[in-house]
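Listing of structure-v2.csv; format and content: CSV, C-alpha atoms.
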chain,number,residue,atom,x,y,z
A,24,MET,CA,-58.7,-12.2,-48.3
A,25,SER,CA,-61.0,-9.4,-47.5
A,26,PRO,CA,-59.6,-5.9,-47.0
A,27,ARG,CA,-60.8,-6.0,-43.4
A,28,ILE,CA,-59.0,-9.2,-42.6
A,29,ARG,CA,-55.9,-7.9,-44.3
A,30,LEU,CA,-55.9,-4.8,-42.2
A,31,THR,CA,-56.4,-6.8,-39.0
A,32,MET,CA,-53.5,-9.0,-39.8
A,33,LEU,CA,-51.2,-6.1,-40.7
A,34,ALA,CA,-52.1,-4.4,-37.4
A,35,ALA,CA,-51.4,-7.5,-35.5
A,36,LEU,CA,-48.0,-7.9,-37.2
A,37,ALA,CA,-47.2,-4.3,-36.5
A,38,PHE,CA,-48.1,-4.7,-32.9
A,39,ALA,CA,-46.0,-7.8,-32.5
A,40,GLY,CA,-43.0,-6.1,-34.2
A,41,ALA,CA,-43.3,-3.1,-31.9
A,42,THR,CA,-43.6,-5.4,-28.8
A,43,GLY,CA,-40.5,-7.3,-29.9
A,44,ILE,CA,-38.5,-4.0,-30.3
A,45,ALA,CA,-39.7,-2.9,-26.9
A,46,HIS,CA,-38.5,-6.1,-25.4
A,47,ALA,CA,-35.1,-5.9,-27.2
A,48,GLN,CA,-34.4,-2.4,-26.0
A,49,PRO,CA,-32.8,-2.3,-22.5
A,50,ALA,CA,-34.5,-0.3,-19.8
A,51,ALA,CA,-33.2,3.2,-19.2
A,52,TRP,CA,-30.0,3.2,-17.0
A,53,PRO,CA,-29.6,4.3,-14.4
A,54,THR,CA,-32.9,4.5,-12.6
A,55,LYS,CA,-31.7,4.0,-9.0
A,56,PRO,CA,-28.5,4.6,-6.9
A,57,ILE,CA,-25.3,2.9,-7.9
A,58,LYS,CA,-23.0,1.3,-5.3
A,59,TYR,CA,-19.3,1.9,-5.6
A,60,VAL,CA,-17.4,-0.7,-3.6
A,61,VAL,CA,-14.0,0.2,-2.2
A,62,PRO,CA,-12.3,-3.0,-1.0
A,63,PHE,CA,-10.0,-1.0,1.3
A,64,SER,CA,-10.5,1.1,4.5
A,65,PRO,CA,-11.7,4.7,4.5
A,66,GLY,CA,-9.0,7.3,4.3
A,67,GLY,CA,-6.6,5.6,1.9
A,68,VAL,CA,-5.8,6.5,-1.7
A,69,SER,CA,-8.4,4.1,-3.1
A,70,ASP,CA,-11.1,5.6,-0.9
A,71,GLY,CA,-10.1,9.2,-1.8
A,72,VAL,CA,-10.2,8.4,-5.6
A,73,ALA,CA,-13.5,6.6,-5.3
A,74,ARG,CA,-15.2,9.5,-3.4
A,75,LEU,CA,-13.9,12.0,-5.9
A,76,VAL,CA,-15.1,10.0,-8.9
A,77,ALA,CA,-18.4,9.1,-7.3
A,78,GLN,CA,-19.3,12.7,-6.6
A,79,HIS,CA,-19.0,13.8,-10.2
A,80,LEU,CA,-20.3,10.5,-11.6
A,81,GLY,CA,-23.5,10.9,-9.6
A,82,GLU,CA,-24.0,14.4,-11.0
A,83,ARG,CA,-23.5,13.3,-14.6
A,84,LEU,CA,-25.7,10.2,-14.3
A,85,GLY,CA,-28.5,11.9,-12.3
A,86,GLN,CA,-28.4,9.2,-9.6
A,87,PRO,CA,-26.5,9.0,-6.3
A,88,VAL,CA,-23.3,7.0,-6.4
A,89,ILE,CA,-22.8,5.5,-2.9
A,90,ILE,CA,-19.5,4.5,-1.5
A,91,ASP,CA,-19.4,1.1,0.3
A,92,ASN,CA,-16.1,0.4,2.0
A,93,ARG,CA,-15.5,-3.4,2.4
A,94,PRO,CA,-11.9,-3.8,3.5
A,95,GLY,CA,-10.1,-7.1,4.3
A,96,VAL,CA,-7.4,-9.5,3.2
A,97,SER,CA,-5.6,-7.3,0.6
A,98,GLY,CA,-8.9,-6.2,-0.9
A,99,ILE,CA,-10.1,-9.8,-1.4
A,100,VAL,CA,-13.3,-9.5,0.7
A,101,GLY,CA,-14.8,-6.6,-1.2
A,102,THR,CA,-13.7,-7.8,-4.6
A,103,GLN,CA,-15.3,-11.2,-4.0
A,104,ALA,CA,-18.6,-9.5,-3.2
A,105,VAL,CA,-18.6,-7.5,-6.4
A,106,ALA,CA,-17.7,-10.6,-8.5
A,107,ARG,CA,-20.9,-12.2,-7.2
A,108,ALA,CA,-23.0,-9.1,-7.6
A,109,PRO,CA,-25.7,-8.7,-10.3
A,110,ALA,CA,-24.3,-7.6,-13.6
A,111,ASP,CA,-26.8,-4.8,-14.0
A,112,GLY,CA,-24.7,-1.7,-13.9
A,113,TYR,CA,-25.6,-0.9,-10.3
A,114,THR,CA,-22.5,-2.2,-8.7
A,115,VAL,CA,-18.9,-1.0,-9.5
A,116,ILE,CA,-15.6,-1.5,-7.7
A,117,GLY,CA,-12.5,0.5,-7.3
A,118,GLY,CA,-9.9,-2.0,-8.4
A,119,THR,CA,-6.1,-1.8,-8.0
A,120,ILE,CA,-2.9,-3.6,-9.1
A,121,THR,CA,-3.4,-5.7,-5.9
A,122,THR,CA,-7.0,-6.8,-6.4
A,123,HIS,CA,-7.0,-7.1,-10.2
A,124,ALA,CA,-3.5,-8.2,-11.1
A,125,VAL,CA,-1.4,-9.9,-8.4
A,126,ASN,CA,-3.7,-11.4,-5.8
A,127,PRO,CA,-3.9,-14.7,-7.6
A,128,PHE,CA,-0.2,-15.2,-7.3
A,129,PHE,CA,-0.4,-15.0,-3.5
A,130,ASN,CA,-3.7,-16.8,-2.8
A,131,LYS,CA,-4.8,-20.1,-4.3
A,132,ASN,CA,-8.4,-19.8,-2.9
A,133,LEU,CA,-9.0,-16.3,-4.1
A,134,GLY,CA,-12.7,-16.7,-4.7
A,135,TYR,CA,-12.7,-14.7,-7.9
A,136,ASP,CA,-10.9,-14.4,-11.2
A,137,PRO,CA,-9.7,-10.8,-11.8
A,138,VAL,CA,-10.1,-11.2,-15.6
A,139,LYS,CA,-13.0,-13.5,-16.1
A,140,ASP,CA,-15.2,-12.1,-13.4
A,141,PHE,CA,-14.9,-8.4,-14.3
A,142,VAL,CA,-15.0,-5.9,-17.1
A,143,PRO,CA,-12.4,-3.1,-16.9
A,144,VAL,CA,-14.2,0.3,-17.3
A,145,ASN,CA,-11.7,3.0,-16.8
A,146,LEU,CA,-8.0,3.3,-15.6
A,147,VAL,CA,-8.4,6.4,-13.5
A,148,GLY,CA,-4.7,6.9,-12.7
A,149,MET,CA,-1.3,5.7,-11.8
A,150,VAL,CA,0.3,5.8,-8.3
A,151,SER,CA,4.1,6.1,-7.8
A,152,ASN,CA,6.0,5.1,-4.7
A,153,VAL,CA,9.1,6.6,-3.2
A,154,LEU,CA,12.0,4.8,-1.5
A,155,VAL,CA,12.4,6.5,1.9
A,156,VAL,CA,14.8,6.0,4.8
A,157,PRO,CA,14.8,7.6,8.2
A,158,GLU,CA,16.2,11.1,8.3
A,159,GLY,CA,19.1,9.9,10.4
A,160,SER,CA,19.9,7.0,8.2
A,161,ARG,CA,23.5,6.4,7.1
A,162,PHE,CA,22.2,6.0,3.5
A,163,ASN,CA,22.0,9.0,1.2
A,164,SER,CA,21.7,7.2,-2.1
A,165,VAL,CA,20.3,4.0,-3.7
A,166,ALA,CA,23.8,3.0,-4.6
A,167,GLN,CA,24.8,2.9,-1.0
A,168,VAL,CA,21.8,0.7,-0.2
A,169,ILE,CA,22.7,-1.7,-3.0
A,170,ALA,CA,26.4,-1.8,-1.9
A,171,GLU,CA,25.5,-2.7,1.6
A,172,LEU,CA,23.1,-5.4,0.5
A,173,LYS,CA,25.7,-6.9,-1.9
A,174,ALA,CA,28.2,-7.0,1.0
A,175,LYS,CA,25.7,-8.3,3.6
A,176,PRO,CA,22.6,-10.0,2.1
A,177,ASP,CA,19.4,-9.9,4.2
A,178,SER,CA,21.0,-7.3,6.4
A,179,LEU,CA,18.4,-4.6,5.7
A,180,THR,CA,14.6,-4.5,6.3
A,181,TYR,CA,11.8,-2.9,4.4
A,182,GLY,CA,8.2,-2.5,5.6
A,183,THR,CA,5.1,-3.4,3.6
A,184,ALA,CA,1.3,-3.6,4.1
A,185,GLY,CA,1.4,-7.2,3.1
A,186,PRO,CA,1.9,-9.5,0.1
A,187,GLY,CA,0.9,-8.1,-3.2
A,188,THR,CA,0.8,-4.5,-2.1
A,189,SER,CA,2.7,-1.8,-4.0
A,190,GLN,CA,5.3,-1.7,-1.2
A,191,HIS,CA,5.9,-5.4,-1.5
A,192,LEU,CA,6.0,-5.4,-5.3
A,193,SER,CA,8.5,-2.5,-5.3
A,194,GLY,CA,10.8,-4.3,-2.9
A,195,GLN,CA,10.6,-7.6,-4.8
A,196,LEU,CA,11.4,-5.8,-8.1
A,197,PHE,CA,14.3,-4.0,-6.5
A,198,GLU,CA,15.7,-7.3,-5.3
A,199,ASN,CA,15.3,-8.9,-8.8
A,200,ILE,CA,16.9,-6.1,-10.6
A,201,THR,CA,19.8,-5.4,-8.2
A,202,HIS,CA,20.3,-9.2,-7.4
A,203,THR,CA,20.1,-8.5,-3.7
A,204,ARG,CA,18.1,-9.8,-0.8
A,205,MET,CA,16.2,-7.8,1.9
A,206,ARG,CA,13.9,-8.9,4.8
A,207,GLN,CA,10.3,-7.9,4.4
A,208,ILE,CA,8.5,-6.8,7.6
A,209,VAL,CA,4.8,-7.0,7.2
A,210,TYR,CA,2.4,-4.6,8.9
A,211,LYS,CA,-1.4,-4.3,8.9
A,212,GLY,CA,-1.1,-1.0,7.0
A,213,GLY,CA,1.4,1.3,5.4
A,214,SER,CA,1.0,3.9,8.0
A,215,GLN,CA,2.3,1.6,10.7
A,216,ALA,CA,5.3,0.9,8.6
A,217,ILE,CA,6.1,4.6,8.3
A,218,VAL,CA,5.8,5.0,12.0
A,219,ASP,CA,8.4,2.3,12.6
A,220,LEU,CA,10.6,3.7,9.8
A,221,VAL,CA,10.7,7.1,11.5
A,222,GLY,CA,11.4,5.4,14.8
A,223,GLY,CA,14.3,3.5,13.3
A,224,GLN,CA,12.8,0.0,13.7
A,225,ILE,CA,13.1,-0.7,10.0
A,226,ASP,CA,15.6,0.5,7.4
A,227,MET,CA,13.3,1.6,4.5
A,228,VAL,CA,9.9,1.6,2.9
A,229,PHE,CA,8.7,1.9,-0.7
A,230,GLU,CA,5.7,4.0,0.2
A,231,THR,CA,3.2,5.9,-2.0
A,232,VAL,CA,4.0,9.5,-2.5
A,233,ALA,CA,0.7,10.7,-0.8
A,234,ALA,CA,1.3,8.5,2.3
A,235,ALA,CA,5.0,9.6,2.6
A,236,ARG,CA,4.4,13.3,1.9
A,237,PRO,CA,3.8,14.4,5.5
A,238,MET,CA,7.0,12.8,6.6
A,239,ILE,CA,8.9,14.1,3.6
A,240,ASP,CA,7.6,17.7,4.2
A,241,GLY,CA,8.4,17.3,7.9
A,242,LYS,CA,11.9,16.3,7.1
A,243,ARG,CA,11.5,13.1,9.1
A,244,VAL,CA,12.5,10.9,6.2
A,245,LYS,CA,14.9,11.1,3.2
A,246,VAL,CA,13.7,10.3,-0.3
A,247,LEU,CA,16.3,8.2,-2.2
A,248,GLY,CA,14.3,7.6,-5.4
A,249,VAL,CA,10.9,7.3,-7.1
A,250,THR,CA,9.5,4.1,-8.6
A,251,ALA,CA,8.1,5.7,-11.7
A,252,ALA,CA,9.8,5.6,-15.1
A,253,LYS,CA,10.1,9.4,-15.1
A,254,ARG,CA,10.9,11.9,-12.4
A,255,LEU,CA,7.9,13.4,-10.5
A,256,ALA,CA,7.1,17.1,-10.8
A,257,SER,CA,6.0,17.0,-7.1
A,258,LEU,CA,9.5,15.8,-6.0
A,259,PRO,CA,12.0,18.0,-8.0
A,260,GLY,CA,15.5,16.8,-7.9
A,261,VAL,CA,14.7,13.2,-6.7
A,262,PRO,CA,16.0,10.6,-9.3
A,263,THR,CA,14.1,7.6,-10.5
A,264,LEU,CA,15.3,4.3,-9.1
A,265,ALA,CA,16.4,3.4,-12.6
A,266,GLU,CA,18.6,6.5,-12.7
A,267,ALA,CA,19.9,5.8,-9.2
A,268,GLY,CA,21.2,2.3,-9.7
A,269,ALA,CA,18.4,-0.1,-10.4
A,270,PRO,CA,18.3,-0.2,-14.3
A,271,ASN,CA,14.9,-0.4,-15.9
A,272,PHE,CA,13.1,-0.2,-12.6
A,273,GLU,CA,9.5,0.9,-12.9
A,274,MET,CA,6.7,0.1,-10.5
A,275,GLN,CA,3.5,2.0,-10.4
A,276,SER,CA,0.3,0.8,-8.8
A,277,TRP,CA,-2.9,2.0,-10.2
A,278,GLN,CA,-6.5,2.9,-9.5
A,279,GLY,CA,-9.3,1.8,-11.8
A,280,VAL,CA,-13.0,1.1,-12.0
A,281,PHE,CA,-14.4,-2.4,-12.9
A,282,VAL,CA,-17.9,-3.9,-13.1
A,283,PRO,CA,-19.0,-7.6,-12.8
A,284,ALA,CA,-18.6,-9.7,-16.0
A,285,HIS,CA,-21.6,-9.6,-18.4
A,286,THR,CA,-22.6,-6.1,-17.5
A,287,PRO,CA,-24.4,-4.8,-20.6
A,288,LYS,CA,-21.9,-3.1,-23.0
A,289,PRO,CA,-23.9,0.1,-23.4
A,290,VAL,CA,-23.7,0.5,-19.6
A,291,VAL,CA,-19.9,-0.2,-19.6
A,292,ASP,CA,-19.4,2.2,-22.5
A,293,ARG,CA,-21.4,5.0,-20.7
A,294,LEU,CA,-19.5,4.5,-17.5
A,295,ALA,CA,-16.2,4.5,-19.3
A,296,ARG,CA,-17.0,7.8,-21.2
A,297,GLU,CA,-18.3,9.6,-18.1
A,298,ILE,CA,-15.4,8.6,-15.9
A,299,ALA,CA,-12.9,9.6,-18.7
A,300,ALA,CA,-14.6,13.0,-18.9
A,301,ILE,CA,-14.4,13.3,-15.1
A,302,VAL,CA,-10.7,12.4,-15.1
A,303,ALA,CA,-10.1,15.0,-17.8
A,304,MET,CA,-11.5,17.9,-15.6
A,305,PRO,CA,-8.7,20.2,-14.4
A,306,ASP,CA,-10.0,20.4,-10.9
A,307,VAL,CA,-10.3,16.7,-10.6
A,308,GLN,CA,-6.8,16.2,-12.0
A,309,GLU,CA,-5.5,18.6,-9.4
A,310,LYS,CA,-7.2,16.7,-6.6
A,311,LEU,CA,-6.0,13.3,-8.0
A,312,ARG,CA,-2.4,14.6,-8.0
A,313,GLY,CA,-3.0,15.7,-4.4
A,314,LEU,CA,-3.7,12.1,-3.6
A,315,GLY,CA,-0.5,11.0,-5.4
A,316,VAL,CA,-2.4,9.8,-8.4
A,317,GLU,CA,-1.3,10.8,-11.9
A,318,PRO,CA,-4.5,11.0,-14.0
A,319,ASP,CA,-4.9,8.6,-16.9
A,320,GLY,CA,-8.5,7.9,-18.0
A,321,ARG,CA,-8.0,5.0,-20.5
A,322,THR,CA,-11.3,3.3,-21.3
A,323,SER,CA,-12.4,-0.3,-21.4
A,324,GLU,CA,-10.4,-2.0,-24.2
A,325,ALA,CA,-7.2,-0.1,-23.5
A,326,PHE,CA,-7.5,-0.7,-19.8
A,327,ALA,CA,-8.1,-4.4,-20.4
A,328,ALA,CA,-4.9,-4.6,-22.5
A,329,PHE,CA,-3.0,-2.8,-19.7
A,330,GLN,CA,-4.4,-5.1,-17.0
A,331,GLN,CA,-3.2,-8.2,-19.0
A,332,SER,CA,0.3,-6.7,-19.4
A,333,GLU,CA,0.5,-6.0,-15.6
A,334,ILE,CA,-0.5,-9.6,-14.8
A,335,ALA,CA,2.2,-10.9,-17.1
A,336,LYS,CA,4.9,-8.5,-15.8
A,337,TRP,CA,4.3,-9.1,-12.1
A,338,GLY,CA,3.6,-12.8,-12.6
A,339,LYS,CA,7.2,-13.2,-13.9
A,340,VAL,CA,8.6,-11.0,-11.1
A,341,ILE,CA,6.8,-13.1,-8.4
A,342,LYS,CA,7.7,-16.4,-10.1
A,343,ASP,CA,11.4,-15.4,-10.4
A,344,ALA,CA,11.4,-14.6,-6.7
A,345,GLY,CA,10.2,-18.2,-5.9
A,346,ILE,CA,7.0,-17.0,-4.3
A,347,GLN,CA,4.1,-19.5,-4.4
A,348,ALA,CA,0.4,-19.0,-3.8
A,349,GLU,CA,-0.7,-20.2,-0.4
Could you write out this structure as structure tokens?
Amino acid sequence: MSPRIRLTMLAALAFAGATGIAHAQPAAWPTKPIKYVVPFSPGGVSDGVARLVAQHLGERLGQPVIIDNRPGVSGIVGTQAVARAPADGYTVIGGTITTHAVNPFFNKNLGYDPVKDFVPVNLVGMVSNVLVVPEGSRFNSVAQVIAELKAKPDSLTYGTAGPGTSQHLSGQLFENITHTRMRQIVYKGGSQAIVDLVGGQIDMVFETVAAARPMIDGKRVKVLGVTAAKRLASLPGVPTLAEAGAPNFEMQSWQGVFVPAHTPKPVVDRLAREIAAIVAMPDVQEKLRGLGVEPDGRTSEAFAAFQQSEIAKWGKVIKDAGIQAE
């Protein structure tokens, strides 16, 4: 083989190798705006968390992160849309205990699988509820509520924003642990339940701290306990429900970020790192706590393990209650 032919062949091989490497390398990401779907209405905790994260994420990625509120049916409408979105890193969703853990136990035709159709990216934070009663209520302790329910099953009502919400799960767990029965009154939103609570139409609500805070500060409700495993710094002197008469009670909803299944791992890892760094920022932590969210920041693998544990825990609670998907 002549030197000229040999050089020509080597050049061709080198070019082919370089072309193969170029094709193997993913394009730079991100190169355009990212859509952050919130499957709930503007103004709630999920929306507040999303807007806070999106602001800083856009700055860190060098591309706008645009909030897209798609509320409906306990978060199902927006979550379905993201499950079907391209897995290219340009669509993320703010997922919660409702959308990504318990919805399958209440809806047979969900239209998505919270595990198979998504990749967990970051567990932004945990949200605690408080058991509140009207300021004029005859109840001053959890023990008094339990005693009345033992004596008169189904005699008391609690308001929720629907099946699978944190208010409903809190009430269901309370019944399971205390071996009592209450009547659930379903509202279109938690704010409507609080209005009826203050007006004396219902007996109690397991509401998020952030949503209940104005009524607490205005002394229009009494706080009997918190649903977290530990007392909250923001409510000094208020016992946990476990301390107050419901042993081992712990119910915290959560706020996280997911992407569609099959999103490239480098993109998932980058998002996870950036959001973890955002959650670790002192000013962001202060704002999250103002929304009633305790910062967490666990990244993809740890978040996935946590999601699985939540599905198992609440699946058992719901099954024990005799609730079947419709």
Which residues are close to region 224-228 of chain A, i.e. within 10 Å by only C-alpha atoms, leaving aside same-chain residues fewer than 4 positions away? Reply as a PyMOL selection string. chain A and resi 152-157+160-162+168+178-183+190-191+193-194+205-208+213+216-220+235+244-247
Point-to-point distance from CA of Phe272 (chain A) to CA of Gln308 (chain A), Å rounded to tenths: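 These atoms are spaced 25.8 Å apart.
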Restricting the calculation to only C-alpha atoms: of A:Leu294, A:Arg312, A:Glu158, A:Pro305, which residue gets closest to Arg243 (chain A)? A:Glu158
Dig up all the protein and nucleic acid residues within 6 Å of (-4.0, 1.6, -19.0) in the file frame, using only C-alpha atoms, and format them as a ChimeraX atom specification. /A:146,321,325-326,329
For Gly345 (chain A), which residue among A:Gln86, A:Thr188, A:Thr114, A:Asn199 is the nearest when counting only C-alpha atoms?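 Going through A:Gln86, A:Thr188, A:Thr114, A:Asn199 one by one, the smallest distance to Gly345 (chain A) is for A:Asn199.
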With all atoms listed in the file as the atoms that count, which of A:Asp177, A:Ile90, A:Asp111, A:Gln347 lies nearest to Lys55 (chain A)?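 Looking only at the distances to Lys55 (chain A), the closest residue turns out to be A:Asp111.
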For Glu273 (chain A), the closest of A:Asp343, A:Gly185, A:Ser151, A:Val165 counting all atoms listed in the file is A:Ser151
Quick one: residues within 12 Å of Gly268 (chain A), all atoms listed in the file counted, chain neighbours fewer than 4 positions away excluded, as a list in words? Ser164, Val165, Ala166, Gln167, Val168, Ile169, Ala170, Phe197, Glu198, Ile200, Thr201, His202, Leu247, Gly248, Val249, Thr250, Pro262, Thr263, Leu264 and Phe272 of chain A
